[in-house]
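> Before anything else, here's the structure in question.
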Amino acid sequence: MKFMLLGGIAALSLGLAVQDPLDAAEITATQVSGPVYMLEGYGGNIGLVLTEGGPVMIDDQFAQLEDKIRAAVEELAGTKNPSYVLNTHFHGDHTGSNEGFGTTSILVAHDQVRARLLAGDRREGPAPASALPVLTHADGMTLHLDGQTLELRHFPAAHTDGDSVVLFHEAKVVHMGDIMFNGMFPFIDTGSGGTVKGYLSALKSIHEDLPADWKVIPGHGPLASRADIKALHDMILATGKIVAARKAEGMSKEDCVAAGLPEEWDSWSWQFISTDSWIETLYQRLD
Ligand SMILES: [Zn+2]
């Protein structure tokens, strides 16, 4: 997700003085289960697991928040330097602090995260060397850390082409990255290898595999459950069917957007992905 842009547009359209929301952002920590925490600030939700060998962090929001993130980690872990930082995908609101964390922590991600950071696919341009993952995987990997087993499961062509979902097996927690927007229309980055079909099949696969008592850290939105994964999956399927049927009848994209969606899906619309932009995603990318 690209929240910087969003903040700028919102401030301009309201004619307000622009205060960078990153300056105002504070990091809050919520214990998810045992040694696993969710940190919220501005950007993608951060996962943190405390192990004997040091903390391991999932995603790192924006560079401007690095010091605040480190302070929150220190409070929980007694050190501000995670042993590892895992990236769920390359977007700037999940890898923004990589440059700093890369000097103290081992960065881990899918091959495509490294490739896209190197190519400059983030809005910020090509990433400096210290921001690049040093351990990469092509189709998943597992970290065995002092009694904590962290599995990175790769789903091709979902939110992007380099997504990893992170499963904390002992703690029974999964960090979904941006394959989960909890209760909101998801952003699917079709310009970076994401597809509606791949997103749906990733949700289906995780939902089928996950025992009901696992907790779910979404990329965006509040802490979630297995049932919320199903709700997102079913929303995409239901709204996709509506748009596909209209498209098959020969309706143009503009007419589809004008026709809207049944009221029951109104609450999924939000600042960045409105009902209109969700219909556009579905119209262009269903087949
Ligand atoms: Zn994203």
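Residue numbering restarts at 1 in every chain; chains get A, B, ... in the order shown in the structure tokens, and ligands count up from 1 in that same order.
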Report the closest atom pair, with its distance in Å rounded to one decimal, for each residue of chain A that has an atom no farther than 7 Å from ligand 1; count only C-alpha atoms and all ligand atoms, sort by chain and then rising residue number, and write it as JSON lines.


```
{"residue": "A:Met1", "atom": "CA", "partner": "ligand 1", "partner_atom_place_in_ligand_line": "1 (Zn)", "distance": 4.2}
{"residue": "A:His89", "atom": "CA", "partner": "ligand 1", "partner_atom_place_in_ligand_line": "1 (Zn)", "distance": 6.7}
{"residue": "A:His91", "atom": "CA", "partner": "ligand 1", "partner_atom_place_in_ligand_line": "1 (Zn)", "distance": 5.0}
{"residue": "A:His159", "atom": "CA", "partner": "ligand 1", "partner_atom_place_in_ligand_line": "1 (Zn)", "distance": 6.8}
{"residue": "A:Asp178", "atom": "CA", "partner": "ligand 1", "partner_atom_place_in_ligand_line": "1 (Zn)", "distance": 5.1}
```

> Need the shell around Gly41 in chain A: protein/DNA/RNA residues with any atom at most 7 Å away, counting only C-alpha atoms. Skip same-chain ones fewer than 6 positions apart. Format as a ChimeraX atom specification?

/A:25-28

> Could you write those residues out with N, CA and C atoms, as a compact mmCIF listing (two decimals), in the first residue's frame?


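Once everything was written out, this is selection_37.txt:
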```txt
# COMPACT_ATOMS: atom_id res chain seq x y z
N ALA A 25 3.13 9.80 13.87
CA ALA A 25 2.85 8.39 14.15
C ALA A 25 3.59 7.89 15.39
N GLU A 26 2.89 7.14 16.21
CA GLU A 26 3.51 6.47 17.37
C GLU A 26 3.39 4.97 17.16
N ILE A 27 4.33 4.24 17.70
CA ILE A 27 4.29 2.77 17.58
C ILE A 27 3.61 2.19 18.82
N THR A 28 2.56 1.41 18.60
CA THR A 28 1.91 0.71 19.71
C THR A 28 2.10 -0.79 19.53
```

> Considering only strand (DSSP E) as DSSP defines it on the backbone, what residues of range 80-199 of chain A qualify? List them as a PyMOL selection string.

chain A and resi 84-86+106-110+135-137+141-145+148-155+163-168+173-175

> Taking C-alpha atoms for each residue, export the selection above as a PDB file, in the first residue's frame.


```
ATOM      1  CA  TYR A  84      16.397 -10.937  11.484  1.00  0.00           C
ATOM      2  CA  VAL A  85      13.965  -8.693   9.641  1.00  0.00           C
ATOM      3  CA  LEU A  86      11.657 -10.524   7.216  1.00  0.00           C
ATOM      4  CA  ILE A 106      19.824  -9.996   8.559  1.00  0.00           C
ATOM      5  CA  LEU A 107      17.188  -9.115   5.954  1.00  0.00           C
ATOM      6  CA  VAL A 108      15.179 -12.057   4.577  1.00  0.00           C
ATOM      7  CA  ALA A 109      12.639 -12.079   1.713  1.00  0.00           C
ATOM      8  CA  HIS A 110      11.511 -13.671  -1.520  1.00  0.00           C
ATOM      9  CA  LEU A 135      18.878 -14.234   2.458  1.00  0.00           C
ATOM     10  CA  THR A 136      16.331 -14.855  -0.267  1.00  0.00           C
ATOM     11  CA  HIS A 137      14.088 -17.761  -1.179  1.00  0.00           C
ATOM     12  CA  MET A 141      11.972 -21.286   3.634  1.00  0.00           C
ATOM     13  CA  THR A 142      11.924 -22.026   7.350  1.00  0.00           C
ATOM     14  CA  LEU A 143      13.874 -20.403  10.198  1.00  0.00           C
ATOM     15  CA  HIS A 144      14.523 -22.582  13.256  1.00  0.00           C
ATOM     16  CA  LEU A 145      15.231 -20.223  16.131  1.00  0.00           C
ATOM     17  CA  GLN A 148      10.403 -20.905  17.436  1.00  0.00           C
ATOM     18  CA  THR A 149       9.744 -22.203  13.949  1.00  0.00           C
ATOM     19  CA  LEU A 150       9.056 -19.457  11.415  1.00  0.00           C
ATOM     20  CA  GLU A 151       7.864 -20.682   8.038  1.00  0.00           C
ATOM     21  CA  LEU A 152       7.851 -18.312   5.077  1.00  0.00           C
ATOM     22  CA  ARG A 153       5.288 -19.577   2.582  1.00  0.00           C
ATOM     23  CA  HIS A 154       5.406 -18.071  -0.895  1.00  0.00           C
ATOM     24  CA  PHE A 155       2.297 -17.392  -2.950  1.00  0.00           C
ATOM     25  CA  ASP A 163       4.695 -12.356  -1.329  1.00  0.00           C
ATOM     26  CA  SER A 164       5.637 -14.381   1.744  1.00  0.00           C
ATOM     27  CA  VAL A 165       3.162 -15.312   4.463  1.00  0.00           C
ATOM     28  CA  VAL A 166       4.930 -15.992   7.781  1.00  0.00           C
ATOM     29  CA  LEU A 167       3.671 -18.795  10.050  1.00  0.00           C
ATOM     30  CA  PHE A 168       4.801 -18.840  13.704  1.00  0.00           C
ATOM     31  CA  VAL A 173       0.098 -16.954  14.630  1.00  0.00           C
ATOM     32  CA  VAL A 174       0.279 -16.094  10.948  1.00  0.00           C
ATOM     33  CA  HIS A 175       1.436 -12.756   9.489  1.00  0.00           C
TER      34      HIS A 175
END
```

> May I ask which of the residues A:Met176, A:Met38, A:Ile217, A:Leu223 is the closest one to Ala72 in chain A, counting only C-alpha atoms?

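When distances to Ala72 in chain A are compared using only C-alpha atoms, the smallest one comes from A:Met38.
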
> Considering only C-alpha atoms, return as a ChimeraX atom specification whatever protein or nucleic-acid residues lie within 12 Å of Gly198 in chain A, sequence-local ones (same chain, fewer than 5 positions apart) excluded.

/A:154-163,179,188-190,193,203-205,233,236,285-287

> For the selection just defined, write its residues with N, CA and C atoms to a file, as a CSV table (one decimal), in the first residue's frame.


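After the write, part02.csv holds the following:
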```csv
chain,number,residue,atom,x,y,z
A,154,HIS,N,5.5,-19.0,0.3
A,154,HIS,CA,5.4,-18.1,-0.9
A,154,HIS,C,4.1,-18.4,-1.7
A,155,PHE,N,3.4,-17.3,-2.0
A,155,PHE,CA,2.3,-17.4,-2.9
A,155,PHE,C,2.6,-16.5,-4.2
A,156,PRO,N,2.7,-17.2,-5.3
A,156,PRO,CA,3.0,-16.4,-6.5
A,156,PRO,C,1.8,-15.6,-7.0
A,157,ALA,N,2.0,-14.4,-7.6
A,157,ALA,CA,0.9,-13.7,-8.2
A,157,ALA,C,-0.3,-13.4,-7.3
A,158,ALA,N,-0.1,-13.0,-6.1
A,158,ALA,CA,-1.2,-12.7,-5.2
A,158,ALA,C,-1.3,-11.1,-5.0
A,159,HIS,N,-0.7,-10.6,-4.0
A,159,HIS,CA,-0.7,-9.1,-3.8
A,159,HIS,C,0.4,-8.5,-4.8
A,160,THR,N,1.5,-9.2,-4.9
A,160,THR,CA,2.6,-8.9,-5.8
A,160,THR,C,3.1,-10.3,-6.3
A,161,ASP,N,4.2,-10.3,-7.0
A,161,ASP,CA,4.8,-11.6,-7.4
A,161,ASP,C,5.9,-12.1,-6.4
A,162,GLY,N,6.0,-11.4,-5.2
A,162,GLY,CA,7.0,-11.8,-4.3
A,162,GLY,C,6.6,-11.9,-2.8
A,163,ASP,N,5.3,-12.3,-2.7
A,163,ASP,CA,4.7,-12.4,-1.3
A,163,ASP,C,5.2,-13.6,-0.5
A,179,ILE,N,-1.5,-10.0,1.7
A,179,ILE,CA,-2.6,-10.9,1.3
A,179,ILE,C,-3.8,-10.8,2.2
A,188,ILE,N,-4.6,-4.9,-4.8
A,188,ILE,CA,-3.9,-5.9,-5.5
A,188,ILE,C,-3.0,-5.2,-6.6
A,189,ASP,N,-1.7,-5.4,-6.4
A,189,ASP,CA,-0.8,-4.6,-7.2
A,189,ASP,C,-0.5,-5.3,-8.6
A,190,THR,N,-1.5,-5.1,-9.5
A,190,THR,CA,-1.4,-5.8,-10.8
A,190,THR,C,-0.3,-5.4,-11.6
A,193,GLY,N,2.8,-7.8,-10.6
A,193,GLY,CA,2.6,-9.3,-10.6
A,193,GLY,C,1.5,-9.8,-9.8
A,203,LEU,N,-5.6,-17.0,-0.3
A,203,LEU,CA,-6.5,-16.9,0.9
A,203,LEU,C,-7.2,-18.3,1.2
A,204,LYS,N,-7.6,-18.9,0.1
A,204,LYS,CA,-8.2,-20.2,0.2
A,204,LYS,C,-7.3,-21.3,0.8
A,205,SER,N,-6.0,-21.2,0.3
A,205,SER,CA,-5.0,-22.2,0.8
A,205,SER,C,-4.7,-22.0,2.3
A,233,HIS,N,-12.0,-13.7,1.6
A,233,HIS,CA,-12.1,-14.6,0.4
A,233,HIS,C,-13.5,-14.5,-0.2
A,236,ILE,N,-14.4,-11.3,-2.0
A,236,ILE,CA,-13.8,-11.2,-3.4
A,236,ILE,C,-14.5,-12.1,-4.4
A,285,ARG,N,-9.2,-7.5,-14.2
A,285,ARG,CA,-8.3,-8.6,-13.9
A,285,ARG,C,-9.0,-9.9,-13.5
A,286,LEU,N,-10.2,-10.1,-13.8
A,286,LEU,CA,-10.9,-11.3,-13.4
A,286,LEU,C,-10.4,-12.5,-14.2
A,287,ASP,N,-10.2,-12.2,-15.5
A,287,ASP,CA,-9.8,-13.4,-16.4
A,287,ASP,C,-8.4,-13.2,-16.9
```

> Using only C-alpha atoms, which residue out of A:Ala138, A:Leu210, A:Ile273, A:Leu261 lies closest to Ala238 in chain A?

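Going through A:Ala138, A:Leu210, A:Ile273, A:Leu261 one by one, the smallest distance to Ala238 in chain A is for A:Leu261.
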
> Could you state the separation of CA of Glu75 in chain A and CA of Leu50 in chain A in Å, given to one decimal place?

11.5 Å

> What separation in Å, quoted to one decimal, exists between CA of Gly120 in chain A and CA of Phe90 in chain A?

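Separation between CA of Gly120 in chain A and CA of Phe90 in chain A: 10.1 Å.
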
> Pick the closest to Gly147 in chain A from A:Gly194, A:Gly43, A:Gly183, A:Pro35: which is it, counting only C-alpha atoms?

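Among the listed residues, the smallest separation from Gly147 in chain A belongs to A:Pro35.
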
> Could you tell me how far CA of Ala77 in chain A sits from CA of Thr95 in chain A, in Å to one decimal place?

21.0 Å
